[in-house]
Amino acid sequence: MTVQVTASTGGIPHNKIMAFGLVGSLVCLYLTYLNQYLSVEYAAFFGGLAAVFALIWGTDTIKHLCSYGIGTGVPSAGMIAFGSGAIAMLLATATQFNSMFLSPIMAVVFGAIIGGVAGWLANSVMRMNIPVMVRSLTEMAIIGAIVLMGFTAVMAGGFGFEALSAREFALFGSLAIKNFEFTVLGGCLVAVSFMLGAIALQHPFNACLGPGEKQDRTLMLAAECGFLSMIPVAVISFAFVGIGAAVLSLIVAVVGWYYTYARYIELSKRDAFAWLDAKPILEPKGED
């Protein structure tokens with residue numbers, strides 16, 4: 001299976017989109033560390049923006065991988081991305097890495113290693129022989145790790161292993177206890193983030209695939225799906241972070257979703273008009 005069926009031509013080169021997504025998401029992840037410096041949680045929403053940057057990049061990666069005649073492989077590509085990314089995220093959030101502010105970088109490193117191995121197995125052992133398989137699975141494992149870290153930051157105010165696995169609660173004033181059930185891991189919220197991120201990664205190219213597929217419309221849908229997934233994550237954050245931080249994350253998610261959804265509808269109408277080669281129906285003018 002080595003004959004490429006190009007989904008669309010022209011547009012922004014993939015390497016530029018990858019650089020945009022990688023740099024943008026890492027910058028946003030590092031901005032969430034402001035919560036530690038300022039002892040507040042208002043920077044949690046930057047995790048959601050990191051996820052959106054990564055999902056835009058991931059949508060273009062899936063487009064390149066699945067343009068080799070494996071359009072039905074879009075869902076499995078999303079599952080592989082987040083399955084590999086979950087392992088990379090958990091390894092990268094170890095206390096020693098987070099204390100040195102290395103967790104976002106280590107997520108990229110671990111994701112690249114795990115994704116590269118998965119790509120090699122797919123091509124060399126399973127004999128899929130797709131030219132971009134190793135690179136694409138490497139990128140998608142990194143993307144999965146970044147999205148999971150971003151959503152964790154929105155929910156818990158950070159992505160260190162302490163934020164994932166243990167939270168302190170005041171008991172009788174000065175006495176504090178650690179609770180391991182009411183956490184991101186204990187509450188199975190990594191699974192929720194997994195599905196929200198995987199669907200947001202899979203859907204845009206699947207929805208726009210076809211002879212009329214345009215890059216700007218596909219990537220706009222990716223951003224819209226990212227913000228849409230951020231909305232329930234922001235709602236979940238009310239249980240973990242201060243109400244002000246949770247409300248801010250929810251506002252950012254809703255505003256981002258509304259803008260990207262409106263732009264996606266505009267681009268869909270543009271492409272539908274061009275594809276049908278029709279003239280718009282003019283509404284009769286009403287009387288003043």
# chains A, B, ... in the order shown; residues from 1 in each chain; ligands from 1
call {"tool": "residues_around", "arguments": {"residues": "A:Leu90", "least_positions_apart": "2", "cutoff": "10 Å", "atoms": "only C-alpha atoms", "output": "PyMOL selection string"}}
result
chain A and resi 85-88+92-94+103+107+110+145+148-149+159-161+164
call {"tool": "write_last_selection", "arguments": {"atoms": "C-alpha atoms", "output": "PDB file, in the first residue's frame"}}
result
ATOM      1  CA  GLY A  85       0.204   9.356  24.456  1.00  0.00           C
ATOM      2  CA  ALA A  86      -1.280   8.194  27.764  1.00  0.00           C
ATOM      3  CA  ILE A  87       1.857   6.171  28.500  1.00  0.00           C
ATOM      4  CA  ALA A  88       4.110   9.068  27.503  1.00  0.00           C
ATOM      5  CA  ALA A  92       6.563  12.573  31.759  1.00  0.00           C
ATOM      6  CA  THR A  93       4.564  13.710  34.787  1.00  0.00           C
ATOM      7  CA  ALA A  94       6.776  11.884  37.252  1.00  0.00           C
ATOM      8  CA  SER A 103       7.357  17.433  31.952  1.00  0.00           C
ATOM      9  CA  ALA A 107       6.210  14.161  27.029  1.00  0.00           C
ATOM     10  CA  PHE A 110       8.670   9.738  25.482  1.00  0.00           C
ATOM     11  CA  ALA A 145       0.509  13.116  25.314  1.00  0.00           C
ATOM     12  CA  LEU A 148      -3.904  14.649  27.763  1.00  0.00           C
ATOM     13  CA  MET A 149      -1.529  16.907  29.689  1.00  0.00           C
ATOM     14  CA  PHE A 159      -0.277  18.063  35.287  1.00  0.00           C
ATOM     15  CA  GLY A 160       2.262  16.913  37.864  1.00  0.00           C
ATOM     16  CA  PHE A 161       1.754  13.432  39.268  1.00  0.00           C
ATOM     17  CA  LEU A 164      -3.077  13.487  38.897  1.00  0.00           C
TER      18      LEU A 164
END
call {"tool": "select_by_dssp", "arguments": {"residues": "stretch 73-225 of chain A", "states": "strand (DSSP E)", "output": "list in words"}}
result
Arg167, Glu168, Phe169, Ala170, Leu171, Leu175, Ala176, Ile177, Lys178 and Asn179 of chain A
call {"tool": "closest_residue", "arguments": {"among": "A:Trp57, A:Tyr37, A:Tyr258, A:Tyr42", "to": "A:Val23", "atoms": "only C-alpha atoms"}}
result
A:Trp57
call {"tool": "atom_distance", "arguments": {"atom1": "atom CA of A:Gly83", "atom2": "atom CA of A:Gly58"}}
result
14.4 Å
call {"tool": "residues_around", "arguments": {"residues": "A:Ser25", "least_positions_apart": "5", "cutoff": "12 Å", "atoms": "only C-alpha atoms", "output": "PDB file with all heavy atoms, in the first residue's frame"}}
result
ATOM      1  N   ILE A  17       2.852  23.412   9.788  1.00  0.00           N
ATOM      2  CA  ILE A  17       1.761  23.146  10.723  1.00  0.00           C
ATOM      3  C   ILE A  17       2.288  22.395  11.944  1.00  0.00           C
ATOM      4  O   ILE A  17       1.894  22.669  13.082  1.00  0.00           O
ATOM      5  CB  ILE A  17       0.642  22.355  10.035  1.00  0.00           C
ATOM      6  CG1 ILE A  17       0.008  23.202   8.932  1.00  0.00           C
ATOM      7  CG2 ILE A  17      -0.410  21.900  11.037  1.00  0.00           C
ATOM      8  CD1 ILE A  17      -1.047  22.488   8.129  1.00  0.00           C
ATOM      9  N   MET A  18       3.201  21.466  11.731  1.00  0.00           N
ATOM     10  CA  MET A  18       3.799  20.728  12.842  1.00  0.00           C
ATOM     11  C   MET A  18       4.552  21.673  13.773  1.00  0.00           C
ATOM     12  O   MET A  18       4.412  21.593  15.006  1.00  0.00           O
ATOM     13  CB  MET A  18       4.751  19.652  12.317  1.00  0.00           C
ATOM     14  CG  MET A  18       5.423  18.850  13.419  1.00  0.00           C
ATOM     15  SD  MET A  18       6.530  17.563  12.786  1.00  0.00           S
ATOM     16  CE  MET A  18       7.847  18.595  12.126  1.00  0.00           C
ATOM     17  N   ALA A  19       5.344  22.581  13.203  1.00  0.00           N
ATOM     18  CA  ALA A  19       6.077  23.541  14.024  1.00  0.00           C
ATOM     19  C   ALA A  19       5.120  24.446  14.796  1.00  0.00           C
ATOM     20  O   ALA A  19       5.312  24.710  15.991  1.00  0.00           O
ATOM     21  CB  ALA A  19       7.003  24.378  13.142  1.00  0.00           C
ATOM     22  N   PHE A  20       4.069  24.900  14.122  1.00  0.00           N
ATOM     23  CA  PHE A  20       3.051  25.737  14.759  1.00  0.00           C
ATOM     24  C   PHE A  20       2.399  24.995  15.919  1.00  0.00           C
ATOM     25  O   PHE A  20       2.247  25.546  17.028  1.00  0.00           O
ATOM     26  CB  PHE A  20       2.004  26.124  13.709  1.00  0.00           C
ATOM     27  CG  PHE A  20       0.746  26.733  14.257  1.00  0.00           C
ATOM     28  CD1 PHE A  20       0.698  28.066  14.612  1.00  0.00           C
ATOM     29  CD2 PHE A  20      -0.405  25.965  14.400  1.00  0.00           C
ATOM     30  CE1 PHE A  20      -0.477  28.623  15.113  1.00  0.00           C
ATOM     31  CE2 PHE A  20      -1.579  26.520  14.897  1.00  0.00           C
ATOM     32  CZ  PHE A  20      -1.611  27.850  15.258  1.00  0.00           C
ATOM     33  N   TYR A  30       3.704  25.358  29.237  1.00  0.00           N
ATOM     34  CA  TYR A  30       4.592  26.019  30.194  1.00  0.00           C
ATOM     35  C   TYR A  30       3.912  27.198  30.871  1.00  0.00           C
ATOM     36  O   TYR A  30       4.230  27.528  32.020  1.00  0.00           O
ATOM     37  CB  TYR A  30       5.888  26.449  29.506  1.00  0.00           C
ATOM     38  CG  TYR A  30       6.927  25.356  29.511  1.00  0.00           C
ATOM     39  CD1 TYR A  30       7.218  24.628  28.360  1.00  0.00           C
ATOM     40  CD2 TYR A  30       7.601  25.006  30.676  1.00  0.00           C
ATOM     41  CE1 TYR A  30       8.147  23.606  28.367  1.00  0.00           C
ATOM     42  CE2 TYR A  30       8.530  23.988  30.702  1.00  0.00           C
ATOM     43  CZ  TYR A  30       8.799  23.290  29.542  1.00  0.00           C
ATOM     44  OH  TYR A  30       9.716  22.276  29.566  1.00  0.00           O
ATOM     45  N   LEU A  31       2.969  27.833  30.198  1.00  0.00           N
ATOM     46  CA  LEU A  31       2.242  28.939  30.828  1.00  0.00           C
ATOM     47  C   LEU A  31       1.370  28.447  31.988  1.00  0.00           C
ATOM     48  O   LEU A  31       1.054  29.231  32.898  1.00  0.00           O
ATOM     49  CB  LEU A  31       1.384  29.662  29.795  1.00  0.00           C
ATOM     50  CG  LEU A  31       2.138  30.583  28.826  1.00  0.00           C
ATOM     51  CD1 LEU A  31       1.207  31.110  27.738  1.00  0.00           C
ATOM     52  CD2 LEU A  31       2.796  31.738  29.568  1.00  0.00           C
ATOM     53  N   THR A  32       0.994  27.161  31.980  1.00  0.00           N
ATOM     54  CA  THR A  32       0.216  26.650  33.109  1.00  0.00           C
ATOM     55  C   THR A  32       1.037  26.613  34.391  1.00  0.00           C
ATOM     56  O   THR A  32       0.472  26.567  35.486  1.00  0.00           O
ATOM     57  CB  THR A  32      -0.325  25.238  32.818  1.00  0.00           C
ATOM     58  OG1 THR A  32       0.763  24.320  32.643  1.00  0.00           O
ATOM     59  CG2 THR A  32      -1.195  25.231  31.566  1.00  0.00           C
ATOM     60  N   PHE A  46      -4.803  27.602  29.872  1.00  0.00           N
ATOM     61  CA  PHE A  46      -3.758  27.461  28.859  1.00  0.00           C
ATOM     62  C   PHE A  46      -3.576  25.998  28.458  1.00  0.00           C
ATOM     63  O   PHE A  46      -3.144  25.706  27.337  1.00  0.00           O
ATOM     64  CB  PHE A  46      -2.431  28.028  29.368  1.00  0.00           C
ATOM     65  CG  PHE A  46      -2.362  29.529  29.329  1.00  0.00           C
ATOM     66  CD1 PHE A  46      -2.320  30.267  30.499  1.00  0.00           C
ATOM     67  CD2 PHE A  46      -2.336  30.208  28.118  1.00  0.00           C
ATOM     68  CE1 PHE A  46      -2.256  31.657  30.472  1.00  0.00           C
ATOM     69  CE2 PHE A  46      -2.271  31.593  28.072  1.00  0.00           C
ATOM     70  CZ  PHE A  46      -2.234  32.320  29.261  1.00  0.00           C
ATOM     71  N   GLY A  47      -3.903  25.071  29.359  1.00  0.00           N
ATOM     72  CA  GLY A  47      -3.839  23.655  28.997  1.00  0.00           C
ATOM     73  C   GLY A  47      -4.796  23.322  27.873  1.00  0.00           C
ATOM     74  O   GLY A  47      -4.464  22.540  26.973  1.00  0.00           O
ATOM     75  N   GLY A  48      -5.995  23.909  27.911  1.00  0.00           N
ATOM     76  CA  GLY A  48      -6.946  23.686  26.831  1.00  0.00           C
ATOM     77  C   GLY A  48      -6.464  24.254  25.514  1.00  0.00           C
ATOM     78  O   GLY A  48      -6.645  23.645  24.449  1.00  0.00           O
ATOM     79  N   LEU A  49      -5.817  25.421  25.563  1.00  0.00           N
ATOM     80  CA  LEU A  49      -5.264  26.007  24.331  1.00  0.00           C
ATOM     81  C   LEU A  49      -4.138  25.135  23.782  1.00  0.00           C
ATOM     82  O   LEU A  49      -4.000  24.990  22.566  1.00  0.00           O
ATOM     83  CB  LEU A  49      -4.749  27.419  24.615  1.00  0.00           C
ATOM     84  CG  LEU A  49      -5.799  28.443  25.064  1.00  0.00           C
ATOM     85  CD1 LEU A  49      -5.160  29.815  25.238  1.00  0.00           C
ATOM     86  CD2 LEU A  49      -6.953  28.520  24.074  1.00  0.00           C
ATOM     87  N   ALA A  50      -3.344  24.545  24.686  1.00  0.00           N
ATOM     88  CA  ALA A  50      -2.296  23.618  24.236  1.00  0.00           C
ATOM     89  C   ALA A  50      -2.904  22.443  23.488  1.00  0.00           C
ATOM     90  O   ALA A  50      -2.385  22.005  22.446  1.00  0.00           O
ATOM     91  CB  ALA A  50      -1.485  23.115  25.434  1.00  0.00           C
ATOM     92  N   ALA A  51      -4.020  21.924  24.010  1.00  0.00           N
ATOM     93  CA  ALA A  51      -4.695  20.806  23.337  1.00  0.00           C
ATOM     94  C   ALA A  51      -5.201  21.213  21.959  1.00  0.00           C
ATOM     95  O   ALA A  51      -5.102  20.433  21.000  1.00  0.00           O
ATOM     96  CB  ALA A  51      -5.854  20.305  24.200  1.00  0.00           C
ATOM     97  N   VAL A  52      -5.721  22.419  21.835  1.00  0.00           N
ATOM     98  CA  VAL A  52      -6.229  22.884  20.535  1.00  0.00           C
ATOM     99  C   VAL A  52      -5.087  22.985  19.528  1.00  0.00           C
ATOM    100  O   VAL A  52      -5.211  22.539  18.375  1.00  0.00           O
ATOM    101  CB  VAL A  52      -6.941  24.241  20.687  1.00  0.00           C
ATOM    102  CG1 VAL A  52      -7.297  24.820  19.315  1.00  0.00           C
ATOM    103  CG2 VAL A  52      -8.193  24.091  21.536  1.00  0.00           C
ATOM    104  N   PHE A  53      -3.961  23.573  19.932  1.00  0.00           N
ATOM    105  CA  PHE A  53      -2.797  23.649  19.046  1.00  0.00           C
ATOM    106  C   PHE A  53      -2.388  22.248  18.576  1.00  0.00           C
ATOM    107  O   PHE A  53      -2.129  22.024  17.389  1.00  0.00           O
ATOM    108  CB  PHE A  53      -1.614  24.303  19.772  1.00  0.00           C
ATOM    109  CG  PHE A  53      -1.607  25.801  19.719  1.00  0.00           C
ATOM    110  CD1 PHE A  53      -1.900  26.555  20.842  1.00  0.00           C
ATOM    111  CD2 PHE A  53      -1.289  26.471  18.542  1.00  0.00           C
ATOM    112  CE1 PHE A  53      -1.891  27.938  20.808  1.00  0.00           C
ATOM    113  CE2 PHE A  53      -1.277  27.858  18.486  1.00  0.00           C
ATOM    114  CZ  PHE A  53      -1.577  28.597  19.627  1.00  0.00           C
ATOM    115  N   ALA A  54      -2.323  21.303  19.517  1.00  0.00           N
ATOM    116  CA  ALA A  54      -1.896  19.948  19.176  1.00  0.00           C
ATOM    117  C   ALA A  54      -2.894  19.249  18.254  1.00  0.00           C
ATOM    118  O   ALA A  54      -2.499  18.512  17.342  1.00  0.00           O
ATOM    119  CB  ALA A  54      -1.692  19.135  20.458  1.00  0.00           C
ATOM    120  N   LEU A  55      -4.181  19.471  18.462  1.00  0.00           N
ATOM    121  CA  LEU A  55      -5.194  18.821  17.636  1.00  0.00           C
ATOM    122  C   LEU A  55      -5.194  19.353  16.203  1.00  0.00           C
ATOM    123  O   LEU A  55      -5.458  18.602  15.257  1.00  0.00           O
ATOM    124  CB  LEU A  55      -6.575  19.001  18.266  1.00  0.00           C
ATOM    125  CG  LEU A  55      -6.810  18.189  19.547  1.00  0.00           C
ATOM    126  CD1 LEU A  55      -8.077  18.651  20.258  1.00  0.00           C
ATOM    127  CD2 LEU A  55      -6.880  16.700  19.233  1.00  0.00           C
ATOM    128  N   ILE A  56      -4.903  20.629  16.029  1.00  0.00           N
ATOM    129  CA  ILE A  56      -4.764  21.177  14.674  1.00  0.00           C
ATOM    130  C   ILE A  56      -3.618  20.478  13.949  1.00  0.00           C
ATOM    131  O   ILE A  56      -3.740  20.057  12.789  1.00  0.00           O
ATOM    132  CB  ILE A  56      -4.541  22.696  14.739  1.00  0.00           C
ATOM    133  CG1 ILE A  56      -5.809  23.404  15.238  1.00  0.00           C
ATOM    134  CG2 ILE A  56      -4.142  23.246  13.368  1.00  0.00           C
ATOM    135  CD1 ILE A  56      -5.623  24.879  15.520  1.00  0.00           C
ATOM    136  N   TRP A  57      -2.499  20.350  14.645  1.00  0.00           N
ATOM    137  CA  TRP A  57      -1.350  19.634  14.081  1.00  0.00           C
ATOM    138  C   TRP A  57      -1.727  18.175  13.806  1.00  0.00           C
ATOM    139  O   TRP A  57      -1.422  17.634  12.734  1.00  0.00           O
ATOM    140  CB  TRP A  57      -0.186  19.758  15.068  1.00  0.00           C
ATOM    141  CG  TRP A  57       0.959  18.827  14.875  1.00  0.00           C
ATOM    142  CD1 TRP A  57       1.353  18.203  13.723  1.00  0.00           C
ATOM    143  CD2 TRP A  57       1.900  18.405  15.889  1.00  0.00           C
ATOM    144  NE1 TRP A  57       2.476  17.425  13.951  1.00  0.00           N
ATOM    145  CE2 TRP A  57       2.823  17.540  15.265  1.00  0.00           C
ATOM    146  CE3 TRP A  57       2.049  18.693  17.242  1.00  0.00           C
ATOM    147  CZ2 TRP A  57       3.877  16.958  15.969  1.00  0.00           C
ATOM    148  CZ3 TRP A  57       3.096  18.108  17.937  1.00  0.00           C
ATOM    149  CH2 TRP A  57       3.999  17.259  17.297  1.00  0.00           C
ATOM    150  N   GLY A  58      -2.393  17.542  14.755  1.00  0.00           N
ATOM    151  CA  GLY A  58      -2.738  16.136  14.597  1.00  0.00           C
ATOM    152  C   GLY A  58      -3.680  15.869  13.446  1.00  0.00           C
ATOM    153  O   GLY A  58      -3.578  14.837  12.772  1.00  0.00           O
ATOM    154  N   PRO A 104       6.654  18.876  30.034  1.00  0.00           N
ATOM    155  CA  PRO A 104       6.235  19.018  28.630  1.00  0.00           C
ATOM    156  C   PRO A 104       7.281  18.502  27.636  1.00  0.00           C
ATOM    157  O   PRO A 104       6.928  17.847  26.651  1.00  0.00           O
ATOM    158  CB  PRO A 104       6.026  20.535  28.482  1.00  0.00           C
ATOM    159  CG  PRO A 104       5.708  21.004  29.867  1.00  0.00           C
ATOM    160  CD  PRO A 104       6.572  20.167  30.748  1.00  0.00           C
ATOM    161  N   ILE A 105       8.548  18.794  27.916  1.00  0.00           N
ATOM    162  CA  ILE A 105       9.614  18.316  27.019  1.00  0.00           C
ATOM    163  C   ILE A 105       9.714  16.799  27.073  1.00  0.00           C
ATOM    164  O   ILE A 105       9.867  16.126  26.040  1.00  0.00           O
ATOM    165  CB  ILE A 105      10.961  18.949  27.391  1.00  0.00           C
ATOM    166  CG1 ILE A 105      10.896  20.480  27.237  1.00  0.00           C
ATOM    167  CG2 ILE A 105      12.085  18.381  26.542  1.00  0.00           C
ATOM    168  CD1 ILE A 105      10.635  20.951  25.830  1.00  0.00           C
ATOM    169  N   ALA A 107       7.365  14.735  27.733  1.00  0.00           N
ATOM    170  CA  ALA A 107       6.210  14.161  27.029  1.00  0.00           C
ATOM    171  C   ALA A 107       6.515  14.033  25.543  1.00  0.00           C
ATOM    172  O   ALA A 107       6.138  13.036  24.899  1.00  0.00           O
ATOM    173  CB  ALA A 107       4.975  15.033  27.255  1.00  0.00           C
ATOM    174  N   VAL A 108       7.193  15.029  24.982  1.00  0.00           N
ATOM    175  CA  VAL A 108       7.592  14.977  23.571  1.00  0.00           C
ATOM    176  C   VAL A 108       8.595  13.846  23.354  1.00  0.00           C
ATOM    177  O   VAL A 108       8.492  13.069  22.398  1.00  0.00           O
ATOM    178  CB  VAL A 108       8.174  16.327  23.124  1.00  0.00           C
ATOM    179  CG1 VAL A 108       8.736  16.228  21.696  1.00  0.00           C
ATOM    180  CG2 VAL A 108       7.120  17.428  23.201  1.00  0.00           C
ATOM    181  N   ILE A 142       3.087  11.982  20.332  1.00  0.00           N
ATOM    182  CA  ILE A 142       3.415  13.250  20.991  1.00  0.00           C
ATOM    183  C   ILE A 142       2.149  14.082  21.173  1.00  0.00           C
ATOM    184  O   ILE A 142       1.909  14.663  22.243  1.00  0.00           O
ATOM    185  CB  ILE A 142       4.454  14.029  20.158  1.00  0.00           C
ATOM    186  CG1 ILE A 142       5.766  13.249  20.085  1.00  0.00           C
ATOM    187  CG2 ILE A 142       4.697  15.417  20.751  1.00  0.00           C
ATOM    188  CD1 ILE A 142       6.776  13.838  19.096  1.00  0.00           C
ATOM    189  N   ILE A 143       1.339  14.133  20.127  1.00  0.00           N
ATOM    190  CA  ILE A 143       0.092  14.908  20.176  1.00  0.00           C
ATOM    191  C   ILE A 143      -0.827  14.367  21.261  1.00  0.00           C
ATOM    192  O   ILE A 143      -1.409  15.130  22.044  1.00  0.00           O
ATOM    193  CB  ILE A 143      -0.601  14.871  18.802  1.00  0.00           C
ATOM    194  CG1 ILE A 143       0.211  15.680  17.790  1.00  0.00           C
ATOM    195  CG2 ILE A 143      -2.033  15.383  18.877  1.00  0.00           C
ATOM    196  CD1 ILE A 143      -0.070  15.338  16.351  1.00  0.00           C
ATOM    197  N   GLY A 144      -0.965  13.043  21.345  1.00  0.00           N
ATOM    198  CA  GLY A 144      -1.808  12.444  22.378  1.00  0.00           C
ATOM    199  C   GLY A 144      -1.344  12.811  23.774  1.00  0.00           C
ATOM    200  O   GLY A 144      -2.157  13.155  24.643  1.00  0.00           O
ATOM    201  N   ALA A 145      -0.034  12.772  23.997  1.00  0.00           N
ATOM    202  CA  ALA A 145       0.509  13.116  25.314  1.00  0.00           C
ATOM    203  C   ALA A 145       0.238  14.579  25.652  1.00  0.00           C
ATOM    204  O   ALA A 145      -0.140  14.920  26.782  1.00  0.00           O
ATOM    205  CB  ALA A 145       2.006  12.831  25.347  1.00  0.00           C
ATOM    206  N   ILE A 146       0.426  15.465  24.669  1.00  0.00           N
ATOM    207  CA  ILE A 146       0.223  16.898  24.910  1.00  0.00           C
ATOM    208  C   ILE A 146      -1.251  17.196  25.208  1.00  0.00           C
ATOM    209  O   ILE A 146      -1.566  17.963  26.130  1.00  0.00           O
ATOM    210  CB  ILE A 146       0.704  17.709  23.696  1.00  0.00           C
ATOM    211  CG1 ILE A 146       2.228  17.678  23.612  1.00  0.00           C
ATOM    212  CG2 ILE A 146       0.215  19.162  23.777  1.00  0.00           C
ATOM    213  CD1 ILE A 146       2.799  18.312  22.351  1.00  0.00           C
ATOM    214  N   VAL A 147      -2.157  16.593  24.445  1.00  0.00           N
ATOM    215  CA  VAL A 147      -3.583  16.840  24.661  1.00  0.00           C
ATOM    216  C   VAL A 147      -4.005  16.352  26.046  1.00  0.00           C
ATOM    217  O   VAL A 147      -4.729  17.047  26.777  1.00  0.00           O
ATOM    218  CB  VAL A 147      -4.434  16.161  23.568  1.00  0.00           C
ATOM    219  CG1 VAL A 147      -5.918  16.265  23.898  1.00  0.00           C
ATOM    220  CG2 VAL A 147      -4.159  16.806  22.219  1.00  0.00           C
ATOM    221  N   LEU A 148      -3.553  15.172  26.442  1.00  0.00           N
ATOM    222  CA  LEU A 148      -3.904  14.649  27.763  1.00  0.00           C
ATOM    223  C   LEU A 148      -3.335  15.527  28.872  1.00  0.00           C
ATOM    224  O   LEU A 148      -4.002  15.778  29.887  1.00  0.00           O
ATOM    225  CB  LEU A 148      -3.405  13.210  27.905  1.00  0.00           C
ATOM    226  CG  LEU A 148      -4.145  12.167  27.066  1.00  0.00           C
ATOM    227  CD1 LEU A 148      -3.445  10.820  27.148  1.00  0.00           C
ATOM    228  CD2 LEU A 148      -5.591  12.025  27.533  1.00  0.00           C
ATOM    229  N   MET A 149      -2.111  15.998  28.693  1.00  0.00           N
ATOM    230  CA  MET A 149      -1.529  16.907  29.689  1.00  0.00           C
ATOM    231  C   MET A 149      -2.303  18.223  29.744  1.00  0.00           C
ATOM    232  O   MET A 149      -2.541  18.777  30.827  1.00  0.00           O
ATOM    233  CB  MET A 149      -0.060  17.174  29.362  1.00  0.00           C
ATOM    234  CG  MET A 149       0.855  16.001  29.598  1.00  0.00           C
ATOM    235  SD  MET A 149       2.593  16.365  29.206  1.00  0.00           S
ATOM    236  CE  MET A 149       3.019  17.429  30.582  1.00  0.00           C
ATOM    237  N   GLY A 150      -2.693  18.717  28.576  1.00  0.00           N
ATOM    238  CA  GLY A 150      -3.438  19.967  28.539  1.00  0.00           C
ATOM    239  C   GLY A 150      -4.781  19.864  29.229  1.00  0.00           C
ATOM    240  O   GLY A 150      -5.145  20.726  30.042  1.00  0.00           O
ATOM    241  N   PHE A 151      -5.524  18.801  28.942  1.00  0.00           N
ATOM    242  CA  PHE A 151      -6.824  18.617  29.577  1.00  0.00           C
ATOM    243  C   PHE A 151      -6.676  18.381  31.081  1.00  0.00           C
ATOM    244  O   PHE A 151      -7.522  18.824  31.875  1.00  0.00           O
ATOM    245  CB  PHE A 151      -7.572  17.452  28.931  1.00  0.00           C
ATOM    246  CG  PHE A 151      -8.179  17.789  27.588  1.00  0.00           C
ATOM    247  CD1 PHE A 151      -8.600  16.785  26.728  1.00  0.00           C
ATOM    248  CD2 PHE A 151      -8.325  19.104  27.185  1.00  0.00           C
ATOM    249  CE1 PHE A 151      -9.171  17.085  25.497  1.00  0.00           C
ATOM    250  CE2 PHE A 151      -8.893  19.425  25.952  1.00  0.00           C
ATOM    251  CZ  PHE A 151      -9.308  18.409  25.107  1.00  0.00           C
TER     252      PHE A 151
END
